[in-house]
>>> print(open('my_file_8.cif').read())   # mmCIF, C-alpha atoms and all ligand atoms
data_upload
loop_
_atom_site.label_atom_id
_atom_site.label_comp_id
_atom_site.auth_asym_id
_atom_site.auth_seq_id
_atom_site.Cartn_x
_atom_site.Cartn_y
_atom_site.Cartn_z
CA MET A 16 21.46 -12.49 3.21
CA SER A 17 19.03 -14.86 1.47
CA ASN A 18 15.79 -13.30 0.30
CA THR A 19 13.76 -15.51 2.66
CA GLN A 20 15.75 -14.84 5.85
CA VAL A 21 13.55 -13.50 8.64
CA ILE A 22 14.54 -10.06 9.93
CA LYS A 23 13.53 -10.04 13.54
CA PRO A 24 11.77 -7.27 15.51
CA GLY A 25 14.39 -5.17 17.28
CA SER A 26 16.29 -4.74 13.99
CA THR A 27 16.48 -1.39 12.22
CA LEU A 28 14.81 -1.02 8.83
CA GLY A 29 15.92 1.57 6.28
CA ILE A 30 13.61 3.79 4.25
CA LEU A 31 14.66 5.83 1.20
CA GLY A 32 12.51 8.93 0.91
CA ASP A 33 11.04 10.82 3.86
CA GLY A 34 7.52 11.94 2.95
CA GLN A 35 4.13 10.88 4.30
CA LEU A 36 4.34 7.33 2.91
CA GLY A 37 7.59 6.85 4.83
CA ARG A 38 5.97 8.31 7.94
CA MET A 39 3.11 5.79 7.91
CA LEU A 40 5.56 3.00 7.03
CA ALA A 41 7.84 3.94 9.93
CA MET A 42 4.86 3.93 12.31
CA ALA A 43 3.82 0.46 11.11
CA ALA A 44 7.41 -0.76 11.56
CA ALA A 45 7.50 0.68 15.09
CA GLN A 46 4.25 -1.11 15.93
CA LEU A 47 5.91 -4.39 14.95
CA GLY A 48 8.92 -3.63 17.16
CA TYR A 49 11.41 -2.33 14.56
CA LYS A 50 13.36 0.90 14.53
CA VAL A 51 13.61 3.01 11.37
CA ALA A 52 16.51 4.86 9.78
CA VAL A 53 15.52 7.21 6.98
CA LEU A 54 17.46 9.00 4.26
CA GLY A 55 15.59 11.63 2.27
CA PRO A 56 15.59 15.26 1.20
CA GLY A 57 14.36 16.63 4.53
CA GLY A 58 16.25 14.48 7.04
CA ARG A 59 15.10 14.96 10.63
CA GLU A 60 12.70 17.80 9.64
CA SER A 61 10.45 15.70 7.43
CA PRO A 62 7.21 13.70 7.83
CA THR A 63 9.25 10.48 8.20
CA GLY A 64 12.14 12.04 10.12
CA HIS A 65 9.72 13.18 12.85
CA VAL A 66 8.82 9.57 13.69
CA SER A 67 12.13 7.76 13.04
CA TYR A 68 15.00 6.60 15.23
CA TRP A 69 17.65 7.96 12.84
CA ALA A 70 17.10 10.49 10.05
CA LYS A 71 19.56 12.32 7.81
CA ALA A 72 19.24 14.39 4.67
CA TRP A 73 20.77 13.61 1.33
CA GLY A 74 22.10 16.47 -0.81
CA PRO A 75 20.65 18.13 -3.92
CA ASN A 76 19.97 15.60 -6.71
CA VAL A 77 19.95 12.78 -4.16
CA GLU A 78 23.67 13.05 -3.49
CA VAL A 79 24.79 10.70 -0.72
CA SER A 80 28.43 10.70 0.43
CA GLU A 81 30.21 7.41 1.04
CA GLU A 82 30.49 8.31 4.72
CA LEU A 83 26.75 8.95 5.09
CA LEU A 84 25.87 5.79 3.21
CA ASP A 85 28.20 3.74 5.42
CA GLU A 86 26.50 5.16 8.52
CA PHE A 87 23.04 4.29 7.15
CA CYS A 88 24.08 0.79 6.01
CA ALA A 89 25.74 0.02 9.34
CA LEU A 90 22.35 0.50 11.01
CA VAL A 91 19.90 -1.24 8.72
CA SER A 92 19.11 -4.88 7.88
CA VAL A 93 16.97 -4.17 4.82
CA VAL A 94 15.88 -1.08 2.90
CA MET A 95 12.36 -0.14 1.79
CA ILE A 96 11.39 2.70 -0.52
CA GLU A 97 8.62 5.27 -0.33
CA TRP A 98 9.54 7.03 -3.59
CA GLU A 99 10.15 5.05 -6.78
CA ASN A 100 12.49 7.58 -8.40
CA ILE A 101 15.43 6.70 -6.16
CA PRO A 102 18.51 6.75 -8.43
CA ILE A 103 19.33 3.17 -9.42
CA ALA A 104 23.03 3.90 -8.77
CA LEU A 105 22.24 4.63 -5.10
CA VAL A 106 20.29 1.38 -4.78
CA GLU A 107 23.23 -0.51 -6.32
CA ARG A 108 25.67 1.10 -3.87
CA ILE A 109 23.50 -0.06 -0.96
CA LYS A 110 23.27 -3.59 -2.38
CA ASN A 111 27.07 -3.65 -2.85
CA LYS A 112 27.39 -3.05 0.89
CA GLY A 113 25.43 -6.26 1.46
CA ILE A 114 22.06 -4.66 2.32
CA PRO A 115 19.04 -5.82 0.31
CA VAL A 116 16.69 -3.21 -1.14
CA ARG A 117 13.11 -4.42 -1.53
CA PRO A 118 11.78 -4.14 -4.16
CA ASP A 119 14.98 -4.59 -6.16
CA SER A 120 16.46 -2.02 -8.55
CA SER A 121 15.15 -4.02 -11.54
CA VAL A 122 11.59 -3.20 -10.42
CA LEU A 123 12.42 0.44 -9.71
CA ALA A 124 13.99 0.85 -13.17
CA VAL A 125 10.69 -0.21 -14.78
CA ALA A 126 8.60 2.01 -12.48
CA GLN A 127 10.76 5.03 -13.31
CA ASP A 128 9.95 4.97 -17.01
CA ARG A 129 6.45 5.11 -18.50
CA MET A 130 7.59 3.27 -21.63
CA LEU A 131 9.14 0.41 -19.66
CA GLU A 132 6.11 0.02 -17.40
CA LYS A 133 3.70 -0.03 -20.35
CA ALA A 134 5.90 -2.65 -22.05
CA ALA A 135 5.96 -4.74 -18.84
CA ALA A 136 2.16 -4.54 -18.55
CA GLN A 137 1.68 -5.51 -22.20
CA SER A 138 4.11 -8.42 -21.84
CA VAL A 139 1.71 -10.05 -19.36
CA GLY A 140 -1.32 -9.33 -21.55
CA ILE A 141 -2.63 -6.14 -19.87
CA LYS A 142 -4.09 -3.60 -22.27
CA THR A 143 -2.91 0.04 -22.17
CA PRO A 144 -4.30 3.22 -23.76
CA HIS A 145 -2.98 3.85 -27.30
CA TYR A 146 0.27 5.79 -27.15
CA LYS A 147 3.34 6.91 -29.09
CA HIS A 148 6.84 7.26 -27.75
CA LEU A 149 8.34 10.59 -28.81
CA GLU A 150 11.94 11.63 -28.33
CA TRP A 151 12.53 14.26 -30.98
CA GLY A 152 10.81 16.29 -33.67
CA LEU A 153 7.69 16.81 -31.61
CA GLY A 154 7.44 20.43 -32.68
CA ILE A 155 5.95 19.72 -36.09
CA LEU A 156 3.75 16.82 -35.02
CA THR A 157 0.13 16.77 -33.88
CA ALA A 158 -1.78 14.01 -32.13
CA LYS A 159 -3.79 13.63 -35.35
CA SER A 160 -0.66 13.11 -37.45
CA LEU A 161 0.20 10.30 -35.04
CA ALA A 162 -3.19 8.66 -35.57
CA LEU A 163 -4.44 9.77 -32.15
CA GLU A 164 -7.23 12.17 -31.24
CA ASP A 165 -7.12 14.44 -28.16
CA GLY A 166 -4.35 13.27 -25.90
CA ILE A 167 -2.06 13.83 -22.96
CA LEU A 168 1.64 14.42 -23.46
CA LYS A 169 3.55 12.98 -20.50
CA THR A 170 7.24 12.97 -19.67
CA CYS A 171 8.60 9.42 -19.70
CA ARG A 172 10.27 10.03 -16.34
CA ASP A 173 9.76 11.99 -13.11
CA GLY A 174 6.03 12.72 -13.38
CA TYR A 175 3.85 12.67 -10.26
CA ASP A 176 0.57 14.13 -9.01
CA GLY A 177 -0.37 15.43 -12.46
CA LYS A 178 3.03 17.12 -12.89
CA GLY A 179 4.95 16.36 -16.09
CA GLN A 180 1.85 16.14 -18.26
CA VAL A 181 -0.07 18.49 -20.57
CA ARG A 182 -3.36 17.93 -22.40
CA VAL A 183 -3.31 18.47 -26.16
CA LYS A 184 -6.01 18.81 -28.78
CA ALA A 185 -5.99 16.52 -31.82
CA GLY A 186 -5.01 19.16 -34.41
CA GLU A 187 -2.72 21.24 -32.20
CA LYS A 188 1.04 21.20 -32.84
CA LEU A 189 2.83 19.52 -29.95
CA GLU A 190 5.48 22.24 -29.91
CA LYS A 191 4.04 24.30 -27.04
CA ALA A 192 3.16 21.35 -24.82
CA TRP A 193 6.58 19.79 -25.38
CA ALA A 194 8.33 23.08 -24.50
CA GLN A 195 6.27 23.20 -21.28
CA LEU A 196 7.72 19.77 -20.49
CA LYS A 197 11.27 21.03 -21.23
CA ASN A 198 11.57 19.04 -24.48
CA VAL A 199 12.43 15.81 -22.70
CA PRO A 200 11.46 12.33 -24.04
CA CYS A 201 7.70 11.93 -23.77
CA VAL A 202 4.83 9.60 -24.41
CA LEU A 203 1.67 10.87 -26.09
CA GLU A 204 -1.35 8.98 -24.79
CA GLU A 205 -4.87 9.02 -26.12
CA LEU A 206 -7.29 10.84 -23.80
CA VAL A 207 -9.25 7.94 -22.35
CA ASP A 208 -12.99 8.35 -21.89
CA PHE A 209 -13.15 6.21 -18.78
CA ALA A 210 -16.15 5.30 -16.62
CA CYS A 211 -14.02 5.26 -13.49
CA GLU A 212 -10.48 4.80 -12.20
CA ILE A 213 -9.50 2.01 -9.83
CA SER A 214 -6.34 0.73 -8.19
CA ILE A 215 -5.23 -2.57 -6.76
CA ILE A 216 -2.31 -3.13 -4.38
CA VAL A 217 -0.56 -6.48 -4.00
CA ALA A 218 1.95 -7.55 -1.35
CA ARG A 219 4.43 -10.25 -2.39
CA ALA A 220 7.21 -12.14 -0.63
CA PRO A 221 9.07 -15.31 -1.59
CA GLY A 222 7.28 -18.47 -0.57
CA GLN A 223 4.07 -16.72 0.48
CA VAL A 224 0.69 -16.43 -1.19
CA PRO A 225 0.35 -12.78 -2.33
CA LYS A 226 -2.22 -10.58 -0.58
CA THR A 227 -4.28 -8.11 -2.57
CA TYR A 228 -6.14 -4.97 -1.57
CA GLY A 229 -8.87 -3.26 -3.51
CA PRO A 230 -10.34 -2.20 -5.75
CA PHE A 231 -10.12 1.37 -4.57
CA GLN A 232 -12.20 3.68 -6.68
CA ASN A 233 -10.26 6.86 -7.25
CA GLU A 234 -11.25 10.39 -8.10
CA HIS A 235 -8.54 12.76 -9.35
CA VAL A 236 -8.71 16.55 -9.64
CA ASN A 237 -6.04 18.15 -11.86
CA GLY A 238 -4.14 14.87 -11.88
CA ILE A 239 -3.98 14.65 -8.05
CA LEU A 240 -5.84 11.96 -6.15
CA LYS A 241 -8.64 13.61 -4.18
CA ASN A 242 -10.79 10.72 -2.94
CA ALA A 243 -10.34 6.95 -2.78
CA THR A 244 -13.24 4.72 -1.80
CA LYS A 245 -13.53 1.08 -0.89
CA TYR A 246 -17.15 0.13 -1.33
CA ALA A 247 -18.96 -2.46 0.75
CA LYS A 248 -18.81 -6.00 -0.55
CA GLY A 249 -21.23 -6.61 -3.39
CA THR A 250 -21.60 -2.94 -4.30
CA SER A 251 -20.98 -2.38 -7.99
CA LEU A 252 -18.40 0.16 -9.14
CA LEU A 253 -20.11 3.57 -8.86
CA GLY A 254 -23.33 1.98 -10.03
CA TYR A 255 -22.04 2.07 -13.60
CA PHE A 256 -22.23 -1.64 -14.09
CA TRP A 257 -24.44 -4.49 -13.13
CA LYS A 258 -23.06 -6.37 -10.17
CA GLU A 259 -21.90 -9.36 -12.25
CA LYS A 260 -19.95 -7.17 -14.64
CA SER A 261 -18.45 -5.22 -11.77
CA GLU A 262 -17.19 -8.42 -10.15
CA GLN A 263 -15.60 -9.54 -13.43
CA ILE A 264 -13.87 -6.17 -13.85
CA VAL A 265 -12.46 -6.38 -10.34
CA GLN A 266 -11.22 -9.93 -10.89
CA ASN A 267 -9.56 -8.88 -14.15
CA ALA A 268 -7.80 -5.99 -12.42
CA ILE A 269 -6.64 -8.20 -9.55
CA LYS A 270 -5.34 -10.84 -11.95
CA ALA A 271 -3.52 -8.19 -14.00
CA THR A 272 -1.87 -6.76 -10.88
CA THR A 273 -0.73 -10.10 -9.47
CA SER A 274 0.59 -11.23 -12.89
CA LEU A 275 2.57 -8.01 -13.29
CA ALA A 276 4.00 -8.29 -9.76
CA ALA A 277 4.99 -11.91 -10.44
CA HIS A 278 6.55 -10.98 -13.80
CA LEU A 279 8.63 -8.26 -12.09
CA ASP A 280 9.32 -10.57 -9.14
CA VAL A 281 8.35 -7.85 -6.65
CA HIS A 282 9.42 -8.41 -3.06
CA GLY A 283 7.30 -5.82 -1.27
CA LEU A 284 4.31 -3.95 -2.67
CA LEU A 285 3.06 -3.16 -6.16
CA ALA A 286 0.17 -0.75 -6.75
CA VAL A 287 -1.42 -0.54 -10.19
CA GLU A 288 -3.82 2.15 -11.38
CA PHE A 289 -6.36 1.27 -14.07
CA PHE A 290 -8.88 3.06 -16.24
CA VAL A 291 -12.20 1.19 -16.49
CA LEU A 292 -13.93 1.85 -19.82
CA HIS A 293 -17.71 2.05 -20.26
CA ASP A 294 -17.74 -1.47 -21.76
CA GLY A 295 -15.87 -2.82 -18.72
CA THR A 296 -12.42 -3.10 -20.35
CA VAL A 297 -9.61 -2.50 -17.88
CA LEU A 298 -6.62 -0.46 -19.15
CA PHE A 299 -3.28 -0.12 -17.36
CA ASN A 300 -2.49 3.49 -16.43
CA GLU A 301 0.59 3.31 -14.21
CA MET A 302 2.26 1.39 -11.41
CA ALA A 303 4.14 2.16 -8.21
CA PRO A 304 6.22 -0.42 -6.30
CA ARG A 305 5.49 1.07 -2.87
CA PRO A 306 2.60 1.97 -0.56
CA HIS A 307 -0.01 3.87 -2.53
CA ASN A 308 -2.13 6.89 -1.64
CA SER A 309 -5.33 5.04 -2.57
CA GLY A 310 -4.51 2.40 0.05
CA HIS A 311 -4.30 4.73 3.05
CA LEU A 312 -7.70 3.59 4.28
CA THR A 313 -6.32 0.07 4.74
CA MET A 314 -5.09 1.44 8.08
CA GLU A 315 -8.65 1.91 9.32
CA CYS A 316 -10.52 -0.64 7.24
CA CYS A 317 -8.30 -3.76 7.03
CA TYR A 318 -6.91 -6.23 9.53
CA THR A 319 -3.41 -5.53 8.23
CA SER A 320 -2.65 -2.22 6.51
CA GLN A 321 -0.62 -1.88 3.30
CA PHE A 322 2.18 -0.35 5.40
CA GLU A 323 2.32 -3.22 7.89
CA GLN A 324 2.13 -5.71 5.01
CA TYR A 325 5.15 -4.05 3.34
CA VAL A 326 7.13 -4.40 6.58
CA ARG A 327 6.05 -8.03 6.92
CA ALA A 328 7.02 -8.71 3.29
CA VAL A 329 10.56 -7.30 3.49
CA CYS A 330 11.19 -8.95 6.89
CA ASN A 331 9.78 -12.29 5.65
CA LEU A 332 7.18 -12.42 8.41
CA PRO A 333 3.91 -14.20 7.58
CA PHE A 334 1.41 -11.90 5.89
CA GLY A 335 -1.61 -10.69 7.81
CA SER A 336 -5.09 -10.65 6.31
CA SER A 337 -5.76 -7.99 3.68
CA GLU A 338 -9.50 -8.39 4.12
CA PHE A 339 -11.68 -5.33 4.77
CA HIS A 340 -13.69 -5.37 7.98
CA SER A 341 -15.06 -1.88 7.23
CA TRP A 342 -15.51 0.28 4.21
CA GLY A 343 -15.05 3.96 3.66
CA THR A 344 -13.57 6.90 1.80
CA MET A 345 -10.22 8.57 2.11
CA HIS A 346 -10.10 12.26 1.34
CA ASN A 347 -6.71 13.89 0.71
CA LEU A 348 -6.04 17.25 2.32
CA LEU A 349 -4.20 19.55 -0.04
CA GLY A 350 -2.37 22.71 0.92
CA ASP A 351 -3.90 24.56 3.83
CA GLU A 352 -7.16 22.61 3.78
CA GLU A 353 -5.76 21.14 6.97
CA GLY A 354 -6.47 24.45 8.70
CA GLU A 355 -10.19 24.30 7.81
CA LEU A 356 -10.75 20.98 9.44
CA GLN A 357 -11.25 21.99 13.01
CA SER A 358 -14.97 21.24 12.84
CA LEU A 359 -14.29 17.73 11.56
CA TYR A 360 -12.46 16.87 14.76
CA HIS A 361 -15.91 16.73 16.33
CA SER A 362 -17.41 14.30 13.84
CA GLU A 363 -17.53 10.67 14.76
CA ARG A 364 -16.19 7.81 12.65
CA THR A 365 -13.51 9.89 11.00
CA SER A 366 -9.82 9.42 11.40
CA PHE A 367 -7.24 12.17 10.75
CA HIS A 368 -3.70 11.97 9.56
CA LEU A 369 -1.67 15.17 9.37
CA TYR A 370 1.84 14.86 8.01
CA GLY A 371 3.59 17.75 9.77
CA LYS A 372 4.87 19.29 6.52
CA LYS A 373 6.61 22.64 6.78
CA GLY A 374 7.06 25.45 4.25
CA GLU A 375 5.05 26.18 1.11
CA LYS A 376 2.05 23.87 1.11
CA THR A 377 0.00 24.99 -1.92
CA GLY A 378 -1.14 21.93 -3.86
CA ARG A 379 0.87 19.55 -1.65
CA LYS A 380 -0.61 16.65 0.24
CA THR A 381 -0.61 17.74 3.86
CA GLY A 382 -2.81 15.08 5.39
CA HIS A 383 -5.86 12.90 4.84
CA VAL A 384 -9.14 12.00 6.48
CA VAL A 385 -10.82 8.60 6.46
CA TYR A 386 -14.60 8.42 6.78
CA TYR A 387 -15.43 4.84 7.53
CA ARG A 388 -18.31 2.52 8.21
CA ILE A 389 -18.26 -0.71 10.14
CA ASP A 390 -21.42 -2.32 8.74
CA THR A 391 -19.78 -4.22 5.85
P1 LIG A 401 -1.03 9.77 -14.09
O1 LIG A 401 -0.01 10.51 -13.30
O2 LIG A 401 -0.54 9.34 -15.43
O3 LIG A 401 -1.67 8.64 -13.31
O4 LIG A 401 -2.21 10.82 -14.36
C1 LIG A 401 -2.93 11.39 -13.29
C2 LIG A 401 -4.41 11.40 -13.62
O5 LIG A 401 -4.64 12.13 -14.85
C3 LIG A 401 -5.01 10.02 -13.88
O6 LIG A 401 -5.31 9.35 -12.69
C4 LIG A 401 -6.25 10.41 -14.70
O7 LIG A 401 -7.27 10.96 -13.88
C5 LIG A 401 -5.71 11.51 -15.59
N1 LIG A 401 -5.15 10.87 -16.81
C6 LIG A 401 -3.88 10.46 -16.99
N2 LIG A 401 -3.71 9.89 -18.20
C7 LIG A 401 -4.91 9.92 -18.81
C8 LIG A 401 -5.38 9.51 -20.09
N3 LIG A 401 -4.59 8.93 -20.99
N4 LIG A 401 -6.70 9.71 -20.36
C9 LIG A 401 -7.53 10.31 -19.47
N5 LIG A 401 -7.14 10.75 -18.26
C10 LIG A 401 -5.84 10.56 -17.92
#
>>> encode(input="my_file_8.cif", output="structure tokens")
Amino acid sequence: MSNTQVIKPGSTLGILGDGQLGRMLAMAAAQLGYKVAVLGPGGRESPTGHVSYWAKAWGPNVEVSEELLDEFCALVSVVMIEWENIPIALVERIKNKGIPVRPDSSVLAVAQDRMLEKAAAQSVGIKTPHYKHLEWGLGILTAKSLALEDGILKTCRDGYDGKGQVRVKAGEKLEKAWAQLKNVPCVLEELVDFACEISIIVARAPGQVPKTYGPFQNEHVNGILKNATKYAKGTSLLGYFWKEKSEQIVQNAIKATTSLAAHLDVHGLLAVEFFVLHDGTVLFNEMAPRPHNSGHLTMECCYTSQFEQYVRAVCNLPFGSSEFHSWGTMHNLLGDEEGELQSLYHSERTSFHLYGKKGEKTGRKTGHVVYYRIDT
């Protein structure tokens, strides 16, 4: 199949991964008249499985038998991802059966490794925090001996929601922190004194002008996104900067994101998180080639949500507008916070999303609320 061929409504779209991002993606696909087949750890009993036409579970360590993969590939016209750590070998097996995966494995390989994504960002002129790549001998080192001050030691692979990272003091031996991270290859980053964190999401498809969303201004607690806000047009970032400076920062972040997506030749979505320094410098933090938590409020606040745009991109349908007609804040519900929200059902201008997760919920994202305003 050529990468510009239109996949028509009525077709079945595949999703790899079955969490909340897949759930919202499947619902956007259904709205456009597609059916969804999902492969993930939970199968039918998962946030995505609950709302999909076909859902099956893969085995431990993302094991997928040839028989199961054949069944999945016989159904789907194209495959999307909702988790970037899909084993590249699995993506290649799907492609070898003639089914495109969007974005391609070359993009996923970069997103799976902090060193590769920093190198990709730098190659298109985006600044990153100072860092050192460390694979061995960390025990005797300190951040200071590596010419860094206080820092964060992060695993090169498999980190998410603040997991796979430990803060370290400048003079402290890295031994303990590295042991906590199971002595795997790591990157030591300087602890950035940022004014705020923002993210931008871009949708890209061959032959179409990319659509960008953002900036979302993000607040993390213990490494997990807690709130994401899209301010009304003309409002400066958290009041930290004069309006003119704020606008320049936003334009720089948008340009950085679209250049990186073009460099990686993304067919689908790319989200990039940035640190904004007190002098307005924008530093690359990390990227994700999929719908992003900070963009959930695009469902309520934009003409076309990030989820619908991803479906349009992979099916080569014309993009919808990514403009905001409203502004607001998304608040993530963690663990059992969902149970305390009964009173909020009575408040106006809020929108609830609960993901139907089962089992141990402590610290997990179980839903989100969007508080939004229409007077842009
Ligand atoms: P990450 O998974 O790398 O995006 O880290 C999660 C969150 O931890 C970020 O959004 C920041 O709030 C914080 N963080 C990560 N790296 C740094 C850093 N180098 N300096 C300061 N804060 C950081």
>>> closest_residue(input="my_file_8.cif", among="A:Leu47, A:Leu31, A:Leu298, A:Met16", to="ligand LIG 401 (chain A)", atoms="only C-alpha atoms and all ligand atoms")
A:Leu298
>>> residues_around(input="my_file_8.cif", residues="A:Thr19", least_positions_apart="4", cutoff="9 Å", atoms="only C-alpha atoms", output="PyMOL selection string")
chain A and resi 220-222+329-331
>>> residues_near_ligand(input="my_file_8.cif", ligand="ligand LIG 401 (chain A)", cutoff="9 Å", atoms="all atoms listed in the file", output="PDB file with C-alpha atoms, in the coordinates of the input")
ATOM      1  CA  ARG A 129       6.450   5.110 -18.500  1.00  0.00           C
ATOM      2  CA  PRO A 144      -4.300   3.220 -23.760  1.00  0.00           C
ATOM      3  CA  HIS A 145      -2.980   3.850 -27.300  1.00  0.00           C
ATOM      4  CA  TYR A 146       0.270   5.790 -27.150  1.00  0.00           C
ATOM      5  CA  GLY A 166      -4.350  13.270 -25.900  1.00  0.00           C
ATOM      6  CA  ILE A 167      -2.060  13.830 -22.960  1.00  0.00           C
ATOM      7  CA  LEU A 168       1.640  14.420 -23.460  1.00  0.00           C
ATOM      8  CA  LYS A 169       3.550  12.980 -20.500  1.00  0.00           C
ATOM      9  CA  GLY A 174       6.030  12.720 -13.380  1.00  0.00           C
ATOM     10  CA  TYR A 175       3.850  12.670 -10.260  1.00  0.00           C
ATOM     11  CA  ASP A 176       0.570  14.130  -9.010  1.00  0.00           C
ATOM     12  CA  GLY A 177      -0.370  15.430 -12.460  1.00  0.00           C
ATOM     13  CA  LYS A 178       3.030  17.120 -12.890  1.00  0.00           C
ATOM     14  CA  GLY A 179       4.950  16.360 -16.090  1.00  0.00           C
ATOM     15  CA  GLN A 180       1.850  16.140 -18.260  1.00  0.00           C
ATOM     16  CA  ARG A 182      -3.360  17.930 -22.400  1.00  0.00           C
ATOM     17  CA  LEU A 203       1.670  10.870 -26.090  1.00  0.00           C
ATOM     18  CA  GLU A 204      -1.350   8.980 -24.790  1.00  0.00           C
ATOM     19  CA  GLU A 205      -4.870   9.020 -26.120  1.00  0.00           C
ATOM     20  CA  LEU A 206      -7.290  10.840 -23.800  1.00  0.00           C
ATOM     21  CA  VAL A 207      -9.250   7.940 -22.350  1.00  0.00           C
ATOM     22  CA  ASP A 208     -12.990   8.350 -21.890  1.00  0.00           C
ATOM     23  CA  PHE A 209     -13.150   6.210 -18.780  1.00  0.00           C
ATOM     24  CA  CYS A 211     -14.020   5.260 -13.490  1.00  0.00           C
ATOM     25  CA  GLU A 212     -10.480   4.800 -12.200  1.00  0.00           C
ATOM     26  CA  ILE A 213      -9.500   2.010  -9.830  1.00  0.00           C
ATOM     27  CA  ASN A 233     -10.260   6.860  -7.250  1.00  0.00           C
ATOM     28  CA  GLU A 234     -11.250  10.390  -8.100  1.00  0.00           C
ATOM     29  CA  HIS A 235      -8.540  12.760  -9.350  1.00  0.00           C
ATOM     30  CA  VAL A 236      -8.710  16.550  -9.640  1.00  0.00           C
ATOM     31  CA  ASN A 237      -6.040  18.150 -11.860  1.00  0.00           C
ATOM     32  CA  GLY A 238      -4.140  14.870 -11.880  1.00  0.00           C
ATOM     33  CA  ILE A 239      -3.980  14.650  -8.050  1.00  0.00           C
ATOM     34  CA  LEU A 240      -5.840  11.960  -6.150  1.00  0.00           C
ATOM     35  CA  GLU A 288      -3.820   2.150 -11.380  1.00  0.00           C
ATOM     36  CA  PHE A 289      -6.360   1.270 -14.070  1.00  0.00           C
ATOM     37  CA  PHE A 290      -8.880   3.060 -16.240  1.00  0.00           C
ATOM     38  CA  ASN A 300      -2.490   3.490 -16.430  1.00  0.00           C
ATOM     39  CA  GLU A 301       0.590   3.310 -14.210  1.00  0.00           C
ATOM     40  CA  MET A 302       2.260   1.390 -11.410  1.00  0.00           C
TER      41      MET A 302
END
>>> closest_residue(input="my_file_8.cif", among="A:Ser261, A:Thr244, A:Gln321, A:Gln266", to="A:Tyr386", atoms="all atoms listed in the file")
A:Thr244
>>> closest_residue(input="my_file_8.cif", among="A:Gln223, A:Gln137, A:Ser160, A:Ser92", to="A:Leu332", atoms="all atoms listed in the file")
A:Gln223
>>> decode(input="my_file_8.cif", residues="stretch 216-220 of chain A", atoms="all heavy atoms", output="PDB file, in the first residue's frame")
ATOM      1  N   ILE A 216       2.057  19.407  20.154  1.00  0.00           N
ATOM      2  CA  ILE A 216       1.755  18.169  19.417  1.00  0.00           C
ATOM      3  C   ILE A 216       1.587  18.544  17.949  1.00  0.00           C
ATOM      4  O   ILE A 216       0.929  19.541  17.638  1.00  0.00           O
ATOM      5  CB  ILE A 216       0.455  17.520  19.940  1.00  0.00           C
ATOM      6  CG1 ILE A 216       0.581  17.206  21.445  1.00  0.00           C
ATOM      7  CG2 ILE A 216       0.131  16.240  19.156  1.00  0.00           C
ATOM      8  CD1 ILE A 216      -0.714  16.807  22.111  1.00  0.00           C
ATOM      9  N   VAL A 217       2.199  17.760  17.069  1.00  0.00           N
ATOM     10  CA  VAL A 217       2.013  18.019  15.635  1.00  0.00           C
ATOM     11  C   VAL A 217       1.468  16.757  14.962  1.00  0.00           C
ATOM     12  O   VAL A 217       1.852  15.641  15.317  1.00  0.00           O
ATOM     13  CB  VAL A 217       3.334  18.494  14.959  1.00  0.00           C
ATOM     14  CG1 VAL A 217       4.440  17.470  15.087  1.00  0.00           C
ATOM     15  CG2 VAL A 217       3.115  18.836  13.495  1.00  0.00           C
ATOM     16  N   ALA A 218       0.545  16.961  14.040  1.00  0.00           N
ATOM     17  CA  ALA A 218       0.031  15.855  13.212  1.00  0.00           C
ATOM     18  C   ALA A 218       0.621  16.029  11.819  1.00  0.00           C
ATOM     19  O   ALA A 218       0.621  17.138  11.272  1.00  0.00           O
ATOM     20  CB  ALA A 218      -1.496  15.911  13.151  1.00  0.00           C
ATOM     21  N   ARG A 219       1.137  14.923  11.257  1.00  0.00           N
ATOM     22  CA  ARG A 219       1.779  14.982   9.937  1.00  0.00           C
ATOM     23  C   ARG A 219       1.310  13.833   9.061  1.00  0.00           C
ATOM     24  O   ARG A 219       1.144  12.711   9.537  1.00  0.00           O
ATOM     25  CB  ARG A 219       3.301  14.831  10.093  1.00  0.00           C
ATOM     26  CG  ARG A 219       4.079  16.098  10.072  1.00  0.00           C
ATOM     27  CD  ARG A 219       5.573  15.795  10.100  1.00  0.00           C
ATOM     28  NE  ARG A 219       6.229  16.150   8.870  1.00  0.00           N
ATOM     29  CZ  ARG A 219       6.715  15.297   7.997  1.00  0.00           C
ATOM     30  NH1 ARG A 219       6.626  13.994   8.193  1.00  0.00           N
ATOM     31  NH2 ARG A 219       7.321  15.723   6.904  1.00  0.00           N
ATOM     32  N   ALA A 220       1.106  14.117   7.790  1.00  0.00           N
ATOM     33  CA  ALA A 220       0.785  13.073   6.810  1.00  0.00           C
ATOM     34  C   ALA A 220       1.342  13.522   5.472  1.00  0.00           C
ATOM     35  O   ALA A 220       1.421  14.735   5.209  1.00  0.00           O
ATOM     36  CB  ALA A 220      -0.728  12.871   6.729  1.00  0.00           C
TER      37      ALA A 220
END
